[in-house]
Amino acid sequence: MKRRALMLALAGFTLAPTVNSSAAPLSYGTYYDETVAAPTCISTTFCPVYFSQTPADKLLMVRKINCIFSSPNPTQQAVLEIATQLHGSPIQRFLTLPMPQAQVSGGVYTTSVESQPDWLVGQSRFPFIVASTIASSNYINASCTLRGDLIDPIQ
């Protein structure tokens, strides 16, 4: 009995949502990537995935974005946006990502998004992706990888 209670407690701990789960961005020479798992978004129609601040001395050319979204309702749209501060209001620049047909299994819709945007992000900016569903969902799970090249700004 004690063993079962311990196993249930451990399972609950490992499944509990927290803040954005991300390793630090990987940067080597001009190569740059970051993978982020957003906390589970509860009772909402949208779920943001926040990436780290871009380097202060480089621009970031976003070459590839891969995301996986899952929810009891299909993901309708995903948009790449940019902010000047963490969790701040987006600047008036956004990119709608292509949204393929969701796969349904056990009442859960899973959508895998892949895009090669070639989209330039400024220095010290905060890129983020917002996924939205057609109706309020009990939950939305989202994780994304952003890959690109660091570019020296024109002086």
# chains A, B, ... in the order shown; residues from 1 in each chain; ligands from 1

call {"tool": "residues_around", "arguments": {"residues": "Phe69 of chain A", "least_positions_apart": "6", "cutoff": "12 Å", "atoms": "only C-alpha atoms", "output": "JSON, numbers by chain"}}
result
{"A": [37, 38, 39, 40, 41, 46, 47, 48, 49, 75, 76, 77, 78, 99, 100, 101, 102, 103, 104, 108, 109, 110, 111, 112, 113, 114, 129, 130, 131, 132, 133, 139, 140, 141, 142, 143, 144]}

call {"tool": "write_last_selection", "arguments": {"atoms": "C-alpha atoms", "output": "short mmCIF file (atom, residue, chain, number, x, y, z; two decimals), in the first residue's frame"}}
result
data_model
loop_
_atom_site.label_atom_id
_atom_site.label_comp_id
_atom_site.auth_asym_id
_atom_site.auth_seq_id
_atom_site.Cartn_x
_atom_site.Cartn_y
_atom_site.Cartn_z
CA ALA A 37 7.91 23.03 -23.49
CA ALA A 38 5.22 25.39 -22.28
CA PRO A 39 3.41 24.65 -19.05
CA THR A 40 0.04 23.02 -19.66
CA CYS A 41 -2.42 25.80 -20.45
CA PHE A 46 -4.62 29.89 -26.50
CA CYS A 47 -1.23 28.71 -25.25
CA PRO A 48 2.00 30.74 -25.55
CA VAL A 49 5.46 29.16 -25.86
CA THR A 75 -5.35 23.58 -32.74
CA GLN A 76 -6.69 26.14 -35.19
CA GLN A 77 -3.72 28.48 -35.57
CA ALA A 78 -0.11 29.02 -34.49
CA MET A 99 -1.35 24.36 -39.76
CA PRO A 100 -1.70 20.76 -40.99
CA GLN A 101 -4.63 18.47 -40.23
CA ALA A 102 -4.63 17.28 -36.60
CA GLN A 103 -4.38 13.57 -35.80
CA VAL A 104 -7.00 12.28 -33.34
CA VAL A 108 -6.94 14.12 -28.12
CA TYR A 109 -6.02 16.16 -31.20
CA THR A 110 -2.28 16.30 -31.92
CA THR A 111 -0.86 18.69 -34.48
CA SER A 112 2.77 18.70 -35.65
CA VAL A 113 3.82 21.98 -37.24
CA GLU A 114 6.95 22.45 -39.32
CA ILE A 129 4.64 31.15 -30.48
CA VAL A 130 0.96 31.29 -29.61
CA ALA A 131 -1.21 28.27 -30.41
CA SER A 132 -4.98 28.71 -30.38
CA THR A 133 -7.90 26.30 -30.44
CA TYR A 139 -5.88 21.89 -21.53
CA ILE A 140 -3.41 22.64 -24.32
CA ASN A 141 0.07 21.11 -24.33
CA ALA A 142 2.70 22.77 -26.51
CA SER A 143 6.40 22.34 -27.19
CA CYS A 144 8.46 23.99 -29.92
#

call {"tool": "select_by_dssp", "arguments": {"residues": "chain A", "states": "helix (DSSP H, G or I)", "output": "list in words"}}
result
Lys2, Arg3, Arg4, Ala5, Leu6, Met7, Leu8, Ala9, Leu10, Ala11, Gly12, Phe13, Thr14 and Leu15 of chain A

call {"tool": "atom_distance", "arguments": {"atom1": "atom CA of Cys67 of chain A", "atom2": "atom CA of Asp152 of chain A"}}
result
27.3 Å

call {"tool": "closest_residue", "arguments": {"among": "A:Arg147, A:Thr45, A:Gln85, A:Asp33", "to": "Arg125 of chain A", "atoms": "only C-alpha atoms"}}
result
A:Gln85

call {"tool": "residues_around", "arguments": {"residues": "Glu34 of chain A", "least_positions_apart": "2", "cutoff": "8 Å", "atoms": "only C-alpha atoms", "output": "list in words"}}
result
Ser22, Ala23, Ala24, Pro25, Leu26, Tyr32, Val36, Phe51, Thr145, Leu146 and Arg147 of chain A

call {"tool": "write_last_selection", "arguments": {"atoms": "N, CA, C and O atoms", "output": "mmCIF file, in the first residue's frame"}}
result
data_model
loop_
_atom_site.group_PDB
_atom_site.id
_atom_site.type_symbol
_atom_site.label_atom_id
_atom_site.label_comp_id
_atom_site.auth_asym_id
_atom_site.auth_seq_id
_atom_site.Cartn_x
_atom_site.Cartn_y
_atom_site.Cartn_z
ATOM 1 N N SER A 22 12.828 24.723 -20.434
ATOM 2 C CA SER A 22 13.755 24.957 -21.526
ATOM 3 C C SER A 22 15.180 24.830 -21.040
ATOM 4 O O SER A 22 15.513 25.282 -19.958
ATOM 5 N N ALA A 23 15.977 24.175 -21.851
ATOM 6 C CA ALA A 23 17.412 24.259 -21.623
ATOM 7 C C ALA A 23 17.821 25.609 -22.194
ATOM 8 O O ALA A 23 17.100 26.213 -22.990
ATOM 9 N N ALA A 24 18.963 26.088 -21.810
ATOM 10 C CA ALA A 24 19.433 27.355 -22.378
ATOM 11 C C ALA A 24 19.585 27.178 -23.884
ATOM 12 O O ALA A 24 19.850 26.080 -24.365
ATOM 13 N N PRO A 25 19.407 28.248 -24.644
ATOM 14 C CA PRO A 25 19.604 28.136 -26.086
ATOM 15 C C PRO A 25 21.020 27.644 -26.381
ATOM 16 O O PRO A 25 21.961 27.987 -25.665
ATOM 17 N N LEU A 26 21.146 26.847 -27.419
ATOM 18 C CA LEU A 26 22.452 26.376 -27.850
ATOM 19 C C LEU A 26 22.955 27.305 -28.939
ATOM 20 O O LEU A 26 22.261 27.549 -29.925
ATOM 21 N N TYR A 32 22.240 28.406 -33.892
ATOM 22 C CA TYR A 32 21.428 28.741 -32.720
ATOM 23 C C TYR A 32 20.204 27.839 -32.704
ATOM 24 O O TYR A 32 19.542 27.663 -33.738
ATOM 25 N N VAL A 36 11.577 24.469 -26.227
ATOM 26 C CA VAL A 36 10.809 24.911 -25.066
ATOM 27 C C VAL A 36 9.511 24.116 -24.979
ATOM 28 O O VAL A 36 8.811 23.952 -25.971
ATOM 29 N N PHE A 51 10.308 31.729 -25.886
ATOM 30 C CA PHE A 51 11.720 31.421 -26.045
ATOM 31 C C PHE A 51 12.548 32.448 -25.274
ATOM 32 O O PHE A 51 12.047 33.494 -24.864
ATOM 33 N N THR A 145 10.564 23.870 -31.079
ATOM 34 C CA THR A 145 11.993 24.068 -31.296
ATOM 35 C C THR A 145 12.158 25.128 -32.361
ATOM 36 O O THR A 145 11.503 25.078 -33.403
ATOM 37 N N LEU A 146 13.014 26.073 -32.070
ATOM 38 C CA LEU A 146 13.345 27.149 -33.006
ATOM 39 C C LEU A 146 14.827 26.977 -33.357
ATOM 40 O O LEU A 146 15.649 26.795 -32.468
ATOM 41 N N ARG A 147 15.154 26.975 -34.656
ATOM 42 C CA ARG A 147 16.533 26.840 -35.095
ATOM 43 C C ARG A 147 16.849 27.949 -36.079
ATOM 44 O O ARG A 147 16.003 28.325 -36.890
#

call {"tool": "residues_around", "arguments": {"residues": "Ile82 of chain A", "least_positions_apart": "6", "cutoff": "6 Å", "atoms": "only C-alpha atoms", "output": "list in words"}}
result
Pro90, Ile91, Phe126 and Pro127 of chain A

call {"tool": "select_by_dssp", "arguments": {"residues": "segment 80-153 of chain A", "states": "strand (DSSP E or B)", "output": "JSON, numbers by chain"}}
result
{"A": [80, 81, 82, 83, 90, 91, 92, 93, 94, 95, 96, 97, 103, 104, 105, 108, 109, 110, 111, 112, 113, 114, 115, 119, 120, 121, 126, 127, 128, 129, 130, 131, 132, 133, 134, 135, 136, 137, 138, 139, 140, 141, 142, 143, 144, 145, 146, 147, 148, 149, 150, 151]}

call {"tool": "atom_distance", "arguments": {"atom1": "atom CA of Ser105 of chain A", "atom2": "atom CA of Tyr50 of chain A"}}
result
27.2 Å

call {"tool": "atom_distance", "arguments": {"atom1": "atom CA of Ser137 of chain A", "atom2": "atom CA of Gln116 of chain A"}}
result
28.4 Å

call {"tool": "closest_residue", "arguments": {"among": "A:Ile65, A:Ser71, A:Gln92, A:Ile151", "to": "Ser27 of chain A", "atoms": "only C-alpha atoms"}}
result
A:Ile151

call {"tool": "closest_residue", "arguments": {"among": "A:Asn66, A:Phe128, A:Gln123, A:Pro72", "to": "His87 of chain A", "atoms": "only C-alpha atoms"}}
result
A:Phe128

call {"tool": "residues_around", "arguments": {"residues": "Ser124 of chain A", "least_positions_apart": "5", "cutoff": "6 Å", "atoms": "only C-alpha atoms", "output": "ChimeraX atom specification"}}
result
/A:53-56

call {"tool": "closest_residue", "arguments": {"among": "A:Gln155, A:Ser136, A:Thr84, A:Asn73", "to": "Gly122 of chain A", "atoms": "only C-alpha atoms"}}
result
A:Thr84

call {"tool": "closest_residue", "arguments": {"among": "A:Gly106, A:Pro153, A:Gly29, A:Ala83", "to": "Ser70 of chain A", "atoms": "only C-alpha atoms"}}
result
A:Gly106
